[in-house]
Amino acid sequence: MTLTITSEAAAGIVKITLAGHLNAANAPEFQREIEKAAALPPTAVVLLLGELEYMSSAGLRIILFGKQKMGPKVKIYAVAPLAEVRETIRLSGFHHALTFLETYDASVIEA
Amino acid sequence: MSMDERIDLHPTHKAAGYSIRAGQTLPFGATVLPGGAVNFSIFSRHATDGTLVLFRRGEPVAFAEIPFPREFRIGNVYAMIVFGLDREETEYGYRMDGPNAPEQGHRFNRAHVLLDPYAKSIGGRDVWRKPPDWSDPFQHRGRLVFDDFDWGDDHPLELPLEDLVIYELHVRSFTSHSSSGVRAPGTFAGLVEKIPYLKELGVNCVELMPVFEFDEFENSRVQPETGELLLNYWGYSTVGFFAPKAGYARTGAFGMEADEFKTLVREFHRNGIEVMLDVVFNHTAEGNERGPSISFRGIDNQTYYMLSPGGHYLNFSGCGNTVNCNNPVVRGMVLDCLRYWAADYHIDGFRFDLASILGRDPWGAPMSNPPLIEQLAFDPVLARCKLVAEAWDPGGLYQVGSFPAYGRWAEWNGKYRDAARKFLKGDLGLVGEMAQRVQGSPDLYASAGRGAAVSVNFITAHDGFTLRDLFSYDRKHNLANGENNNDGANDNESWNCGWEGETDDPGINALRRRMIKNALALLFVSRGTPMLLMGDELGRTQLGNNNTYCHDNPLNWVDWTLDDSQEEILRFARRCIAFRRAHPILRGRAHLRNADYVGSGLPDISWHGTQAWRADWSGVSRVLAFMLCGRHTDNGTPEDNTLYAAFNMHWEWLGFELPTPPAGSRWHVFANTAAPSPADCWPPGSEPLLADQRHIGLDGRSVLILIAKAP
């Protein structure tokens with residue numbers, strides 16, 4: 001299963017859409033996008049996860065890497081993760097690194 | 001290549017389709033290097049050769065086998081760096097060549113793929129109770145871990161030992177019952193959801209029964225009468241010392257058990273609760289000559305195990321083999337292991353199962369100055385970890401009070417347990433010994449300069465009856481274990497209160513509740529470090545089974561559906577713990593001197609009986625009362641209230657004359673186990689004034705605890 005990544009940045013907000021399977025083999029692609037985002041630097045990073053079916057440990061660790069690289073002032077949002085992905089993030093304790101949103105909520109993200 | 005690239009991370013060889021180079025001998029184990037290559041390092045003194053065996057996750061056939069070239073071995077260490085591995089999907093083991101000569105202690109067999117003793121993640125049993133594929137030649141599979149957990153500002157709590165209230169807990173049992181209400185029953189994540197309960201109970205240290213990787217299917221069998229599958233449920237049989245039990249993690253199947261367990265530790269710490277691990281270094285899951293070759297046996301049998309001159313396993317553990325803990329290499333492994341848990345998992349302390357074995361030499365003889373125990377005591381990384389010994393072993397070494405402590409080690413005080421049980425059920429001749437036990441057992445520890453807190457006081461633990469069963473059964477009822485009731489201890493010092501087992505008799509049930517409360521009251525007013533067994537505060541029963549090591553069922557699981565009587569016990573336990581934590585005079589680090597050394601006019605502890613200031617130390621007494629002067633707190637804690645506790649373990653009502661409380665204060669009632677609930681105990685600060693300040697009657701088998709404060 002492949003991973004599709006698209007990314008856009010506007011007004012300090014980086015939106016990264018992930019679709020398919022994120023695993024150790026393709027995690028470096030995700031890491032490159034996170035590194036690009038960190039270089040801006042943004043005010044927020046929004047991960048649009050509605051079409052991400054699987055995220056392995058390596059994928060979760062990229063989020064953690066991004067959080068540590070960008071610092072506590074840059075919020076990372078996980079929008080519409082599937083239940084399985086959301087649960088894996090929660091159980092492994094990575095939920096402290098990001099904020100879950102059911103939909104893209106501009107009033108929260110762009111505030 | 002640019003100048004800032006590391007030349008030592010470039011391959012020099014090709015083998016089995018992989019780029020490799022000579023590895024770094026230390027640290028042992030598999031280490032992910034900067035850039036993503038993996039360093040594999042393994043010790044074997046007696047092997048003649050070794051091969052790294054690589055698998056894709058869960059597959060029975062290796063995708064690569066890479067023999068260690070001669071130039072990759074330094075001394076007795078085989079080390080290799082492999083490039084281009086998928087760190088999530090790779091599992092690894094070793095084949096070791098060498099003599100197969102059991103009479104000389106060697107059991108090398110190239111046919112076996114062996115688990116790395118230093119594996120930090122282990123697959124093969126990563127989903128609890130999932131039936132193994134027994135045809136798989138590699139049952140326990142080393143995996144790679146990432147060391148990037150976000151601890152934030154977490155660190156071990158370093159609470160003073162004397163302030164701890166330890167709660168012994170089995171991870172799976174605590175939340176497996178459907179009544180637990182957690183989203184991930186039986187797992188580390190499930191336990192996180194129960195932290196608020198533990199916080200409200202008031203405990204500030206959990207002692208987790210084994211969480212190192214073990215095989216729940218070891219010696220599994222079907223109980224012929226019930227058809228139930230009996231397992232190695234408790235896990236006192238280690239497969240890998242460096243890996244958390246993956247089957248205890250909801251995310252274990254994804255290889256994220258380390259993250260889940262670290263999250264658990266972090267959450268405990270956020271709630272002011274320390275985490276102590278019950279560690280089993282005395283034996284391994286490989287058993288005796290008939291056991292499987294999982295790891296140590298095939299890597300270097302003669303180094304890792306105590307052997308007879310004929311190469312047979314010495315069995316001081318009662319489990320088939322004995323780890324050769326005082327071999328310097330094995331000692332190093334134990335030290336590396338504990339340092340790893342302390343540093344990488346922020347573990348606060350360790351309780352050592354059958355710790356006396358750690359003091360035996362390679363031939364089994366007890367040592368006067370055992371190097372492993374000394375080394376652990378002085379290790380800089382472990383310097384602030386609690387070290388608690390189960391100071392005995394099945395080989396007959398019993399060291400309660402004499403375990404080599406080096407100023408660091410505490411002990412499970414088995415003598416406290418035995419004396420308390422006998423005293424509580426009204427045995428004669430116990431008053432003198434109980435006076436020692438409630439003071440933190442100075443008779444055992446003071447002469448060696450050891451304080452009161454080193455005495456870990458307990459009345460029940462995982463081995464033996466629960467507290468409810470202690471007062472519901474005269475005898476063990478272990479038939480469900482399928483061993484003809486031959487397993488488990490026979491010297492339980494229990495009393496069934498008039499009927500063997502469960503009953504509807506309200507009088508017997510009321511007496512049992514009171515006995516439980518008496519035990520809780522005794523435990524929490526005793527100096528030393530109290531330990532409560534999971535569920536004893538809920539009146540949990542194991543139906544008289546005193547050795548439930550094999551049951552993954554409600555016999556072990558905490559049932560969170562509480563009836564009124566269980567609520568009553570829970571409330572009593574909470575208040576006893578709150579009382580202890582509110583009163584530093586109960587938690588002194590030093591031993592009491594039985595003298596007034598602050599000029600308060602009262603000794604730090606004074607002894608009483610049915611008459612004030614006249615304790616009955618005779619062999620026919622069943623009464624003990626003592627008063628703790630609140631001005632004798634130690635360790636920098638502020639002045640406390642003066643407290644009085646009276647234990648009438650006779651079956652008859654007795655009148656007690658009370659000592660006069662300090663000037664300006666009057667006696668108030670914290671607890672009276674004979675009083676109907678909820679007047680049996682009071683929250684700290686709300687204790688009611690005692691009507692008659694001079695005399696009080698205590699019902700048979702009851703405990704009274706008073707606090708002196710201004711009216």
# chains A, B, ... in the order shown; residues from 1 in each chain; ligands from 1
>>> closest_atom_pairs(of="chain A", to="chain B", cutoff="6 Å", atoms="only C-alpha atoms", output="Markdown table")
| residue | atom | partner | partner_atom | distance |
| --- | --- | --- | --- | --- |
| A:Leu91 | CA | B:Ala189 | CA | 5.7 |
| A:Ser92 | CA | B:Glu260 | CA | 4.3 |
| A:Gly93 | CA | B:Thr263 | CA | 5.2 |
>>> select_by_dssp(residues="stretch 227-423 of chain B", states="strand (DSSP E or B)", output="VMD selection string")
chain B and resid 229 to 230 238 to 244 274 to 279 284 305 307 313 323 349 to 352 360 366 386 to 389 392 398 409 to 412
>>> residues_around(residues="stretch 4-21 of chain A", least_positions_apart="6", cutoff="7 Å", atoms="only C-alpha atoms", output="PyMOL selection string")
chain A and resi 37+42-49+51-55
>>> closest_residue(among="A:Phe65, A:Val85, A:Lys75, A:Thr2", to="A:Thr99", atoms="only C-alpha atoms")
A:Lys75
>>> select_by_dssp(residues="stretch 263-486 of chain B", states="helix (DSSP H, G or I)", output="ChimeraX atom specification")
/B:263-270,296-304,328-344,355-359,371-378,414-424,431-438,442-448,452-454,467-470,479-481
>>> atom_distance(atom1="atom CA of B:Met209", atom2="atom CA of B:His170")
5.1 Å
>>> decode(residues="stretch 409-423 of chain B", atoms="all heavy atoms", output="PDB file, in the first residue's frame")
ATOM      1  N   TRP B 409      19.484  -1.558  50.852  1.00  0.00           N
ATOM      2  CA  TRP B 409      18.417  -2.509  50.546  1.00  0.00           C
ATOM      3  C   TRP B 409      17.333  -2.519  51.617  1.00  0.00           C
ATOM      4  O   TRP B 409      17.615  -2.502  52.808  1.00  0.00           O
ATOM      5  CB  TRP B 409      18.988  -3.921  50.420  1.00  0.00           C
ATOM      6  CG  TRP B 409      19.744  -4.169  49.147  1.00  0.00           C
ATOM      7  CD1 TRP B 409      21.033  -3.783  48.864  1.00  0.00           C
ATOM      8  CD2 TRP B 409      19.254  -4.854  47.990  1.00  0.00           C
ATOM      9  NE1 TRP B 409      21.359  -4.187  47.593  1.00  0.00           N
ATOM     10  CE2 TRP B 409      20.305  -4.849  47.027  1.00  0.00           C
ATOM     11  CE3 TRP B 409      18.047  -5.482  47.664  1.00  0.00           C
ATOM     12  CZ2 TRP B 409      20.162  -5.442  45.774  1.00  0.00           C
ATOM     13  CZ3 TRP B 409      17.916  -6.080  46.422  1.00  0.00           C
ATOM     14  CH2 TRP B 409      18.961  -6.045  45.484  1.00  0.00           C
ATOM     15  N   ALA B 410      16.103  -2.570  51.165  1.00  0.00           N
ATOM     16  CA  ALA B 410      14.967  -2.842  52.042  1.00  0.00           C
ATOM     17  C   ALA B 410      14.560  -4.302  51.833  1.00  0.00           C
ATOM     18  O   ALA B 410      15.066  -4.982  50.933  1.00  0.00           O
ATOM     19  CB  ALA B 410      13.814  -1.905  51.709  1.00  0.00           C
ATOM     20  N   GLU B 411      13.651  -4.769  52.664  1.00  0.00           N
ATOM     21  CA  GLU B 411      13.257  -6.184  52.582  1.00  0.00           C
ATOM     22  C   GLU B 411      11.755  -6.330  52.700  1.00  0.00           C
ATOM     23  O   GLU B 411      11.125  -5.610  53.481  1.00  0.00           O
ATOM     24  CB  GLU B 411      13.866  -6.981  53.749  1.00  0.00           C
ATOM     25  CG  GLU B 411      15.354  -7.038  53.762  1.00  0.00           C
ATOM     26  CD  GLU B 411      15.865  -7.734  55.032  1.00  0.00           C
ATOM     27  OE1 GLU B 411      15.040  -8.284  55.804  1.00  0.00           O
ATOM     28  OE2 GLU B 411      17.084  -7.714  55.242  1.00  0.00           O
ATOM     29  N   TRP B 412      11.210  -7.260  51.985  1.00  0.00           N
ATOM     30  CA  TRP B 412       9.879  -7.758  52.320  1.00  0.00           C
ATOM     31  C   TRP B 412      10.015  -8.428  53.691  1.00  0.00           C
ATOM     32  O   TRP B 412      10.793  -9.377  53.841  1.00  0.00           O
ATOM     33  CB  TRP B 412       9.420  -8.799  51.287  1.00  0.00           C
ATOM     34  CG  TRP B 412       8.613  -8.238  50.168  1.00  0.00           C
ATOM     35  CD1 TRP B 412       8.638  -6.977  49.681  1.00  0.00           C
ATOM     36  CD2 TRP B 412       7.636  -8.954  49.378  1.00  0.00           C
ATOM     37  NE1 TRP B 412       7.751  -6.858  48.633  1.00  0.00           N
ATOM     38  CE2 TRP B 412       7.129  -8.051  48.431  1.00  0.00           C
ATOM     39  CE3 TRP B 412       7.165 -10.260  49.375  1.00  0.00           C
ATOM     40  CZ2 TRP B 412       6.163  -8.416  47.489  1.00  0.00           C
ATOM     41  CZ3 TRP B 412       6.210 -10.630  48.445  1.00  0.00           C
ATOM     42  CH2 TRP B 412       5.707  -9.702  47.518  1.00  0.00           C
ATOM     43  N   ASN B 413       9.276  -7.927  54.656  1.00  0.00           N
ATOM     44  CA  ASN B 413       9.423  -8.464  56.011  1.00  0.00           C
ATOM     45  C   ASN B 413       8.436  -9.608  56.217  1.00  0.00           C
ATOM     46  O   ASN B 413       7.309  -9.412  56.667  1.00  0.00           O
ATOM     47  CB  ASN B 413       9.207  -7.334  57.032  1.00  0.00           C
ATOM     48  CG  ASN B 413       9.569  -7.782  58.433  1.00  0.00           C
ATOM     49  OD1 ASN B 413       9.672  -8.988  58.709  1.00  0.00           O
ATOM     50  ND2 ASN B 413       9.759  -6.826  59.318  1.00  0.00           N
ATOM     51  N   GLY B 414       8.898 -10.793  55.900  1.00  0.00           N
ATOM     52  CA  GLY B 414       8.049 -11.990  56.068  1.00  0.00           C
ATOM     53  C   GLY B 414       7.700 -12.245  57.514  1.00  0.00           C
ATOM     54  O   GLY B 414       6.657 -12.844  57.812  1.00  0.00           O
ATOM     55  N   LYS B 415       8.560 -11.772  58.411  1.00  0.00           N
ATOM     56  CA  LYS B 415       8.260 -11.983  59.838  1.00  0.00           C
ATOM     57  C   LYS B 415       7.122 -11.075  60.292  1.00  0.00           C
ATOM     58  O   LYS B 415       6.370 -11.443  61.200  1.00  0.00           O
ATOM     59  CB  LYS B 415       9.530 -11.757  60.671  1.00  0.00           C
ATOM     60  CG  LYS B 415      10.570 -12.841  60.418  1.00  0.00           C
ATOM     61  CD  LYS B 415      11.784 -12.720  61.327  1.00  0.00           C
ATOM     62  CE  LYS B 415      12.741 -13.878  61.021  1.00  0.00           C
ATOM     63  NZ  LYS B 415      13.965 -13.815  61.838  1.00  0.00           N
ATOM     64  N   TYR B 416       7.023  -9.909  59.676  1.00  0.00           N
ATOM     65  CA  TYR B 416       5.859  -9.053  59.979  1.00  0.00           C
ATOM     66  C   TYR B 416       4.584  -9.783  59.570  1.00  0.00           C
ATOM     67  O   TYR B 416       3.625  -9.864  60.333  1.00  0.00           O
ATOM     68  CB  TYR B 416       5.970  -7.717  59.226  1.00  0.00           C
ATOM     69  CG  TYR B 416       4.799  -6.785  59.499  1.00  0.00           C
ATOM     70  CD1 TYR B 416       4.892  -5.809  60.478  1.00  0.00           C
ATOM     71  CD2 TYR B 416       3.596  -6.923  58.816  1.00  0.00           C
ATOM     72  CE1 TYR B 416       3.816  -4.967  60.757  1.00  0.00           C
ATOM     73  CE2 TYR B 416       2.523  -6.100  59.083  1.00  0.00           C
ATOM     74  CZ  TYR B 416       2.628  -5.126  60.055  1.00  0.00           C
ATOM     75  OH  TYR B 416       1.544  -4.314  60.332  1.00  0.00           O
ATOM     76  N   ARG B 417       4.583 -10.296  58.352  1.00  0.00           N
ATOM     77  CA  ARG B 417       3.401 -11.014  57.856  1.00  0.00           C
ATOM     78  C   ARG B 417       3.011 -12.158  58.802  1.00  0.00           C
ATOM     79  O   ARG B 417       1.847 -12.275  59.205  1.00  0.00           O
ATOM     80  CB  ARG B 417       3.709 -11.588  56.462  1.00  0.00           C
ATOM     81  CG  ARG B 417       2.621 -12.486  55.888  1.00  0.00           C
ATOM     82  CD  ARG B 417       3.173 -13.338  54.754  1.00  0.00           C
ATOM     83  NE  ARG B 417       4.288 -14.160  55.235  1.00  0.00           N
ATOM     84  CZ  ARG B 417       5.248 -14.648  54.460  1.00  0.00           C
ATOM     85  NH1 ARG B 417       5.265 -14.396  53.176  1.00  0.00           N
ATOM     86  NH2 ARG B 417       6.226 -15.388  54.983  1.00  0.00           N
ATOM     87  N   ASP B 418       3.975 -12.962  59.173  1.00  0.00           N
ATOM     88  CA  ASP B 418       3.660 -14.152  59.968  1.00  0.00           C
ATOM     89  C   ASP B 418       3.160 -13.767  61.358  1.00  0.00           C
ATOM     90  O   ASP B 418       2.169 -14.328  61.855  1.00  0.00           O
ATOM     91  CB  ASP B 418       4.902 -15.040  60.080  1.00  0.00           C
ATOM     92  CG  ASP B 418       5.368 -15.532  58.715  1.00  0.00           C
ATOM     93  OD1 ASP B 418       4.560 -15.487  57.754  1.00  0.00           O
ATOM     94  OD2 ASP B 418       6.533 -15.935  58.599  1.00  0.00           O
ATOM     95  N   ALA B 419       3.838 -12.816  61.976  1.00  0.00           N
ATOM     96  CA  ALA B 419       3.430 -12.415  63.327  1.00  0.00           C
ATOM     97  C   ALA B 419       2.064 -11.732  63.294  1.00  0.00           C
ATOM     98  O   ALA B 419       1.202 -11.992  64.151  1.00  0.00           O
ATOM     99  CB  ALA B 419       4.483 -11.482  63.925  1.00  0.00           C
ATOM    100  N   ALA B 420       1.866 -10.869  62.312  1.00  0.00           N
ATOM    101  CA  ALA B 420       0.594 -10.139  62.234  1.00  0.00           C
ATOM    102  C   ALA B 420      -0.574 -11.108  62.049  1.00  0.00           C
ATOM    103  O   ALA B 420      -1.624 -10.964  62.681  1.00  0.00           O
ATOM    104  CB  ALA B 420       0.646  -9.132  61.086  1.00  0.00           C
ATOM    105  N   ARG B 421      -0.401 -12.078  61.199  1.00  0.00           N
ATOM    106  CA  ARG B 421      -1.492 -13.030  60.964  1.00  0.00           C
ATOM    107  C   ARG B 421      -1.839 -13.786  62.246  1.00  0.00           C
ATOM    108  O   ARG B 421      -3.015 -13.955  62.578  1.00  0.00           O
ATOM    109  CB  ARG B 421      -1.083 -14.024  59.871  1.00  0.00           C
ATOM    110  CG  ARG B 421      -1.044 -13.420  58.491  1.00  0.00           C
ATOM    111  CD  ARG B 421      -0.633 -14.452  57.457  1.00  0.00           C
ATOM    112  NE  ARG B 421      -0.724 -13.900  56.112  1.00  0.00           N
ATOM    113  CZ  ARG B 421      -0.766 -14.634  55.009  1.00  0.00           C
ATOM    114  NH1 ARG B 421      -0.706 -15.953  55.086  1.00  0.00           N
ATOM    115  NH2 ARG B 421      -0.846 -14.068  53.819  1.00  0.00           N
ATOM    116  N   LYS B 422      -0.817 -14.233  62.947  1.00  0.00           N
ATOM    117  CA  LYS B 422      -1.067 -15.004  64.175  1.00  0.00           C
ATOM    118  C   LYS B 422      -1.706 -14.118  65.240  1.00  0.00           C
ATOM    119  O   LYS B 422      -2.637 -14.519  65.925  1.00  0.00           O
ATOM    120  CB  LYS B 422       0.254 -15.581  64.698  1.00  0.00           C
ATOM    121  CG  LYS B 422       0.850 -16.664  63.827  1.00  0.00           C
ATOM    122  CD  LYS B 422       2.174 -17.132  64.455  1.00  0.00           C
ATOM    123  CE  LYS B 422       3.066 -17.769  63.425  1.00  0.00           C
ATOM    124  NZ  LYS B 422       4.412 -18.031  63.949  1.00  0.00           N
ATOM    125  N   PHE B 423      -1.188 -12.923  65.363  1.00  0.00           N
ATOM    126  CA  PHE B 423      -1.705 -11.998  66.373  1.00  0.00           C
ATOM    127  C   PHE B 423      -3.168 -11.662  66.074  1.00  0.00           C
ATOM    128  O   PHE B 423      -4.020 -11.689  66.965  1.00  0.00           O
ATOM    129  CB  PHE B 423      -0.853 -10.732  66.366  1.00  0.00           C
ATOM    130  CG  PHE B 423      -1.326  -9.651  67.292  1.00  0.00           C
ATOM    131  CD1 PHE B 423      -1.306  -9.830  68.666  1.00  0.00           C
ATOM    132  CD2 PHE B 423      -1.769  -8.424  66.798  1.00  0.00           C
ATOM    133  CE1 PHE B 423      -1.745  -8.823  69.529  1.00  0.00           C
ATOM    134  CE2 PHE B 423      -2.209  -7.420  67.645  1.00  0.00           C
ATOM    135  CZ  PHE B 423      -2.187  -7.616  69.019  1.00  0.00           C
TER     136      PHE B 423
END
